[in-house]
Structures are given as structure tokens and as C-alpha cells.
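Enquirer: Below you will find the structure I want to go over with you.
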Amino acid sequence: MQFETILFDVHDHVATITINRPDAMNSFTRQMMSDFSRAWRHIAETEDIHCTVLRAAPGRAFSSGVDVKAAAEPAGSVMHDDIWVAEDPGEQLGPKSNRCWKPVICAVHGMAAGGAFYWINESDIVICSEDATFFDPHVTYGMTAALEPIGATYRMPLGDVMRMTLLGNDERISSHTALRLGLVSEVTQNEELWPRAAELAAIIAAKPPAATAGSVKAIWESLDMPRSVALRTALKYCQIGNPVGTAQVDRAAVMGKAKSFSVR
């Protein structure tokens with residue numbers, strides 16, 4: 001597939017998306033929203049893709065959020081001028097908003113600001129390099145911070161989301177604080193970020209795709225349900241998905257192998 005603002009590659013059942021606007025801090029535009037919407041739909045509908053790595057072109061930022069300069073140009077706004085038609089940009093940027101249930105590993109380097117959380121909030125595994133920092137500048141510029149921090153409440157304690165939101169540009173969450181808060185699950189050296197993301201993706205992609213995608217869908221959709229309803233619904237996911245997933249793996253061969261694993 002050809003895109004204007006992202007690089008897209010598939011190898012060994014892993015799709016790799018690279019946000020590719022380094023000269024603009026990998027900020028997103030209306031065109032990038034369209035590119036991501038197309039990419040997530042392609043991933044969701046392509047049987048050969050089992051897992052996705054989301055990363056950004058090298059530079060100072062994973063993403064600085066919306067490209068405010070481009071948004072100020074005629075027809076450059078990321079939302080429709082009619083307030084009754086306008087929608088959250090995240091509905092096009094995020095995998096889960098596009099109903100793509102293939103596992104997503106997000107590899108963050110440098111600054112991840114504001115709208116970068118559209119991707120972070122909807123990823124299944126988030127890792128970062130040591131130079132990564134996270135913050136939301138909206139209130140500093142007189143803007144209500146709502147969409148991205150509300151999404152972040154599913155990844156971080158409420159008090160830390162509020163602190164990030166209200167301090168705006170005056171404080172950044174370091175990579176190691178992000179690890180402590182649960183915003184990321186692993187911190188790597190800068191040069192090891194992409195190889196580590198690829199390594200994790202390869203492990204996931206080797207597993208039965210019906211099992212991984214079904215697990216992602218079941219867990220994410222449970223977030224919108226009361227606990228008892230989610231648990232009752234969970235059994236149906238297993239009853240539907242297990243006959244497909246178990247047929248995709250030679251269980252006897254897996255059980256017969258010597259056990260090897262890493263410890264985190």
C-alpha cells in the first residue's frame with residue numbers, strides 16, 4: 001500500500017508502520033488521519049498480518065500531536081468546521097477506534113506529546129527508549145485537555161493523568177517514571193528500541209492469529225462493560241474463537257518442546 005505520511009511494510013506476518021514526518025516532529029495532519037484509517041483497515045482485513053509495530057521516524061519526537069501550522073492553512077484543520085459534523089481525530093488514528101483487533105506494539109522515542117496519546121492509548125504493548133518523555137501541552141495554550149487524557153486513564157493512575165494534564169508544558173514524564181506508572185511496560189536503550197519492538201512482534205505473530213486477535217478484542221471491548229457482563233460475554237469469545245485458534249496450532253508439538261521463556 002502507498003501512503004503520503006507513513007511508511008508501511010509487511011514481513012513475516014508483522015506489519016510495521018512508521019510515522020514519517022520527522023521534519024514536522026512527526027505531527028499528524030488530515031492526510032495522516034486518512035493514511036492511518038486506511039492502514040488499520042488493511043491490517044484488520046489481511047489474513048497474513050498477525051501483529052503490528054507502530055513507531056516513528058528518528059528525530060526529536062515520536063509525535064508532537066497535531067501539526068498546528070498545517071491546521072492553520074485553508075482546509076488544513078483536522079476537524080470539520082461544522083461543530084455538528086466534527087469528530088475526534090483519534091477515531092481515524094487509533095487501531096481500536098478503527099476496529100482493528102490485531103495486536104499493536106508501540107515503540108516510543110523522544111517526545112510524545114498531546115495527540116501522540118491517540119496511538120499510545122490504543123496500543124496493546126507500549127515500550128519506549130530511555131530518551132522518551134511524555135506530556136500534554138493543551139492547557140498551557142488555553143485548550144481543554146479531554147480526549148487524550150481520558151484515554152490515558154486506562155493506562156495510568158488518575159492522579160498522574162491529572163498531574164500531566166494540569167501541569168502542561170511545565171513537567172514531562174520520563175521514561176523510567178512512565179515505567180513505574182504503567183504507561184509503558186519496558187524501557188530500552190535508544191538504539192535497541194526498534195529491534196526490541198520487532199522481537200516482541202515476531203513472538204506474538206508466531207502464535208495462532210485467531211487466539212491473539214480474539215484476546216485483544218475480548219479484553220478491549222470488556223472495558224466498556226460492567227464487570228459481571230464482561231465476564232459473561234468473555235465465555236462467548238472463547239466458544240467462538242477457540243475452535244478456530246486451536247486448529248491453527250499443533251498443540252502436541254508445542255507441548256513436546258522444551259520450555260524456554262524470558263523473565264521480565
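Naming works like this for the C-alpha cells: A, B, ... for the chains as they're shown, residue 1 at the start of each chain, ligands 1 onward in shown order.
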Pick out the residues sitting within 9 Å of segment 42-56 of chain A, and hand them over as a PyMOL selection string; count only C-alpha atoms, and ignore anything fewer than 4 positions along from it in its own chain.
Expert: chain A and resi 1+6+10-22+26+37-38+61-63+98-109+119+123+194+197-198+201-202+204-210+212-213
Enquirer: Grab the residues selected above and save them as a PDB file, in the first residue's frame with C-alpha atoms.
Expert:
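And here is the file that came out, again-v1.pdb:
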```pdb
ATOM      1  CA  MET A   1       0.000   0.000   0.000  1.00  0.00           C
ATOM      2  CA  ILE A   6       3.597   6.944   6.870  1.00  0.00           C
ATOM      3  CA  VAL A  10       4.868  -6.333   5.997  1.00  0.00           C
ATOM      4  CA  HIS A  11       7.358  -9.096   6.727  1.00  0.00           C
ATOM      5  CA  ASP A  12       6.853 -12.485   8.367  1.00  0.00           C
ATOM      6  CA  HIS A  13       3.259 -11.686   9.396  1.00  0.00           C
ATOM      7  CA  VAL A  14       4.263  -8.380  11.051  1.00  0.00           C
ATOM      8  CA  ALA A  15       3.130  -5.016   9.677  1.00  0.00           C
ATOM      9  CA  THR A  16       5.429  -2.126  10.542  1.00  0.00           C
ATOM     10  CA  ILE A  17       4.006   1.393  10.418  1.00  0.00           C
ATOM     11  CA  THR A  18       6.481   4.271  10.676  1.00  0.00           C
ATOM     12  CA  ILE A  19       5.126   7.775  11.205  1.00  0.00           C
ATOM     13  CA  ASN A  20       7.169   9.644   8.631  1.00  0.00           C
ATOM     14  CA  ARG A  21       7.119  13.410   9.121  1.00  0.00           C
ATOM     15  CA  PRO A  22      10.378  13.926  11.061  1.00  0.00           C
ATOM     16  CA  ASN A  26       6.085  13.533  13.295  1.00  0.00           C
ATOM     17  CA  SER A  37      -7.568   4.831   8.739  1.00  0.00           C
ATOM     18  CA  ARG A  38      -6.689   3.010   5.512  1.00  0.00           C
ATOM     19  CA  ALA A  61       9.816  13.295  18.736  1.00  0.00           C
ATOM     20  CA  PHE A  62       7.721  10.182  18.399  1.00  0.00           C
ATOM     21  CA  SER A  63       4.963  12.721  17.724  1.00  0.00           C
ATOM     22  CA  ASN A  98     -10.913   1.567  13.572  1.00  0.00           C
ATOM     23  CA  ARG A  99     -11.951  -1.838  14.925  1.00  0.00           C
ATOM     24  CA  CYS A 100      -8.584  -3.374  14.174  1.00  0.00           C
ATOM     25  CA  TRP A 101      -8.026  -6.138  16.702  1.00  0.00           C
ATOM     26  CA  LYS A 102      -4.602  -7.355  15.602  1.00  0.00           C
ATOM     27  CA  PRO A 103      -2.077  -6.814  18.462  1.00  0.00           C
ATOM     28  CA  VAL A 104      -0.196  -3.498  18.301  1.00  0.00           C
ATOM     29  CA  ILE A 105       3.232  -2.818  19.814  1.00  0.00           C
ATOM     30  CA  CYS A 106       4.008   0.889  20.087  1.00  0.00           C
ATOM     31  CA  ALA A 107       7.697   1.894  20.239  1.00  0.00           C
ATOM     32  CA  VAL A 108       8.107   5.435  21.565  1.00  0.00           C
ATOM     33  CA  HIS A 109      11.232   7.569  21.359  1.00  0.00           C
ATOM     34  CA  TRP A 119      -1.726   5.915  19.404  1.00  0.00           C
ATOM     35  CA  SER A 123      -1.805   0.085  21.703  1.00  0.00           C
ATOM     36  CA  TRP A 194      13.172  -0.836  17.153  1.00  0.00           C
ATOM     37  CA  ALA A 197       9.727  -3.998  19.260  1.00  0.00           C
ATOM     38  CA  ALA A 198      10.368  -6.261  16.263  1.00  0.00           C
ATOM     39  CA  ALA A 201       6.110  -8.664  17.465  1.00  0.00           C
ATOM     40  CA  ALA A 202       7.740 -11.766  16.000  1.00  0.00           C
ATOM     41  CA  ILE A 204       3.291 -12.679  19.023  1.00  0.00           C
ATOM     42  CA  ALA A 205       2.977 -13.157  15.252  1.00  0.00           C
ATOM     43  CA  ALA A 206       4.117 -16.780  15.588  1.00  0.00           C
ATOM     44  CA  LYS A 207       1.108 -17.589  17.749  1.00  0.00           C
ATOM     45  CA  PRO A 208      -2.306 -18.569  16.299  1.00  0.00           C
ATOM     46  CA  PRO A 209      -3.770 -15.269  14.990  1.00  0.00           C
ATOM     47  CA  ALA A 210      -7.334 -16.201  15.894  1.00  0.00           C
ATOM     48  CA  THR A 212      -4.284 -13.264  19.685  1.00  0.00           C
ATOM     49  CA  ALA A 213      -6.855 -11.150  17.834  1.00  0.00           C
TER      50      ALA A 213
END
```
Enquirer: In segment 41-196 of chain A, what's helix (DSSP H, G or I) per DSSP? Answer as number ranges by chain?
Expert: A: 41-45, 68-71, 90-93, 114-121, 138-141, 147-152, 158-170, 175-181, 190-196
Enquirer: Quote the spacing between atom CA of Ala57 of chain A and atom CA of Arg163 of chain A in Å to one decimal place.
Expert: 28.7 Å
Enquirer: From the set A:Gln92, A:Ser77, A:Thr177, A:Ser64, which residue has the shortest atom-to-atom contact distance to Met164 of chain A, counting only C-alpha atoms?
Expert: A:Thr177
Enquirer: Can you list, as a VMD selection string, every protein, DNA or RNA residue that comes within 12 Å of Gly142 of chain A when you count only C-alpha atoms, leaving out same-chain residues fewer than 2 positions away?
Expert: chain A and resid 137 to 140 144 to 145 165 to 166 168 to 169
Enquirer: Selection from above, all heavy atoms, as a PDB file, in the first residue's frame, can you write it?
Expert:
```pdb
ATOM      1  N   PRO A 137       0.441  19.276  26.401  1.00  0.00           N
ATOM      2  CA  PRO A 137       0.576  20.725  26.500  1.00  0.00           C
ATOM      3  C   PRO A 137      -0.723  21.515  26.362  1.00  0.00           C
ATOM      4  O   PRO A 137      -0.696  22.752  26.403  1.00  0.00           O
ATOM      5  CB  PRO A 137       1.507  21.049  25.327  1.00  0.00           C
ATOM      6  CG  PRO A 137       1.141  20.036  24.288  1.00  0.00           C
ATOM      7  CD  PRO A 137       0.808  18.775  25.059  1.00  0.00           C
ATOM      8  N   HIS A 138      -1.860  20.874  26.218  1.00  0.00           N
ATOM      9  CA  HIS A 138      -3.087  21.591  25.864  1.00  0.00           C
ATOM     10  C   HIS A 138      -3.390  22.791  26.763  1.00  0.00           C
ATOM     11  O   HIS A 138      -3.649  23.895  26.283  1.00  0.00           O
ATOM     12  CB  HIS A 138      -4.283  20.628  25.877  1.00  0.00           C
ATOM     13  CG  HIS A 138      -4.371  19.760  24.666  1.00  0.00           C
ATOM     14  ND1 HIS A 138      -3.802  18.505  24.603  1.00  0.00           N
ATOM     15  CD2 HIS A 138      -4.959  19.962  23.467  1.00  0.00           C
ATOM     16  CE1 HIS A 138      -4.047  17.967  23.419  1.00  0.00           C
ATOM     17  NE2 HIS A 138      -4.735  18.836  22.703  1.00  0.00           N
ATOM     18  N   VAL A 139      -3.408  22.568  28.096  1.00  0.00           N
ATOM     19  CA  VAL A 139      -3.840  23.655  28.973  1.00  0.00           C
ATOM     20  C   VAL A 139      -2.878  24.843  28.935  1.00  0.00           C
ATOM     21  O   VAL A 139      -3.283  25.985  29.161  1.00  0.00           O
ATOM     22  CB  VAL A 139      -4.034  23.165  30.429  1.00  0.00           C
ATOM     23  CG1 VAL A 139      -5.144  22.120  30.494  1.00  0.00           C
ATOM     24  CG2 VAL A 139      -2.743  22.619  31.026  1.00  0.00           C
ATOM     25  N   THR A 140      -1.613  24.588  28.650  1.00  0.00           N
ATOM     26  CA  THR A 140      -0.633  25.667  28.550  1.00  0.00           C
ATOM     27  C   THR A 140      -1.049  26.660  27.466  1.00  0.00           C
ATOM     28  O   THR A 140      -0.798  27.868  27.582  1.00  0.00           O
ATOM     29  CB  THR A 140       0.761  25.100  28.243  1.00  0.00           C
ATOM     30  OG1 THR A 140       1.156  24.237  29.310  1.00  0.00           O
ATOM     31  CG2 THR A 140       1.795  26.208  28.086  1.00  0.00           C
ATOM     32  N   THR A 144      -8.743  23.026  26.453  1.00  0.00           N
ATOM     33  CA  THR A 144      -9.190  21.961  27.344  1.00  0.00           C
ATOM     34  C   THR A 144      -8.567  20.639  26.917  1.00  0.00           C
ATOM     35  O   THR A 144      -8.641  20.256  25.746  1.00  0.00           O
ATOM     36  CB  THR A 144     -10.718  21.829  27.311  1.00  0.00           C
ATOM     37  OG1 THR A 144     -11.291  23.045  27.794  1.00  0.00           O
ATOM     38  CG2 THR A 144     -11.190  20.655  28.160  1.00  0.00           C
ATOM     39  N   ALA A 145      -7.949  19.960  27.844  1.00  0.00           N
ATOM     40  CA  ALA A 145      -7.380  18.628  27.585  1.00  0.00           C
ATOM     41  C   ALA A 145      -8.419  17.602  28.014  1.00  0.00           C
ATOM     42  O   ALA A 145      -8.722  17.490  29.203  1.00  0.00           O
ATOM     43  CB  ALA A 145      -6.079  18.450  28.351  1.00  0.00           C
ATOM     44  N   THR A 165      -1.953  16.454  32.905  1.00  0.00           N
ATOM     45  CA  THR A 165      -2.881  17.354  32.225  1.00  0.00           C
ATOM     46  C   THR A 165      -2.740  18.784  32.725  1.00  0.00           C
ATOM     47  O   THR A 165      -2.651  19.730  31.929  1.00  0.00           O
ATOM     48  CB  THR A 165      -4.325  16.872  32.436  1.00  0.00           C
ATOM     49  OG1 THR A 165      -4.464  15.550  31.898  1.00  0.00           O
ATOM     50  CG2 THR A 165      -5.320  17.803  31.766  1.00  0.00           C
ATOM     51  N   LEU A 166      -2.709  18.964  34.023  1.00  0.00           N
ATOM     52  CA  LEU A 166      -2.760  20.310  34.596  1.00  0.00           C
ATOM     53  C   LEU A 166      -1.415  21.030  34.584  1.00  0.00           C
ATOM     54  O   LEU A 166      -1.374  22.265  34.524  1.00  0.00           O
ATOM     55  CB  LEU A 166      -3.313  20.240  36.022  1.00  0.00           C
ATOM     56  CG  LEU A 166      -4.755  19.707  36.102  1.00  0.00           C
ATOM     57  CD1 LEU A 166      -5.199  19.583  37.549  1.00  0.00           C
ATOM     58  CD2 LEU A 166      -5.714  20.600  35.318  1.00  0.00           C
ATOM     59  N   GLY A 168       0.765  20.656  32.149  1.00  0.00           N
ATOM     60  CA  GLY A 168       1.008  21.016  30.758  1.00  0.00           C
ATOM     61  C   GLY A 168       2.471  20.955  30.364  1.00  0.00           C
ATOM     62  O   GLY A 168       3.140  19.944  30.560  1.00  0.00           O
ATOM     63  N   ASN A 169       2.949  22.050  29.805  1.00  0.00           N
ATOM     64  CA  ASN A 169       4.320  22.119  29.304  1.00  0.00           C
ATOM     65  C   ASN A 169       5.382  22.184  30.400  1.00  0.00           C
ATOM     66  O   ASN A 169       6.569  22.123  30.105  1.00  0.00           O
ATOM     67  CB  ASN A 169       4.492  23.360  28.418  1.00  0.00           C
ATOM     68  CG  ASN A 169       4.306  23.039  26.948  1.00  0.00           C
ATOM     69  OD1 ASN A 169       4.258  21.886  26.562  1.00  0.00           O
ATOM     70  ND2 ASN A 169       4.186  24.067  26.130  1.00  0.00           N
TER      71      ASN A 169
END
```
Enquirer: Run DSSP on the backbone and grab whatever in segment 67-155 of chain A lands in strand (DSSP E or B); send it over as a ChimeraX atom specification.
Expert: /A:104-108,110-113,125-129,133-135
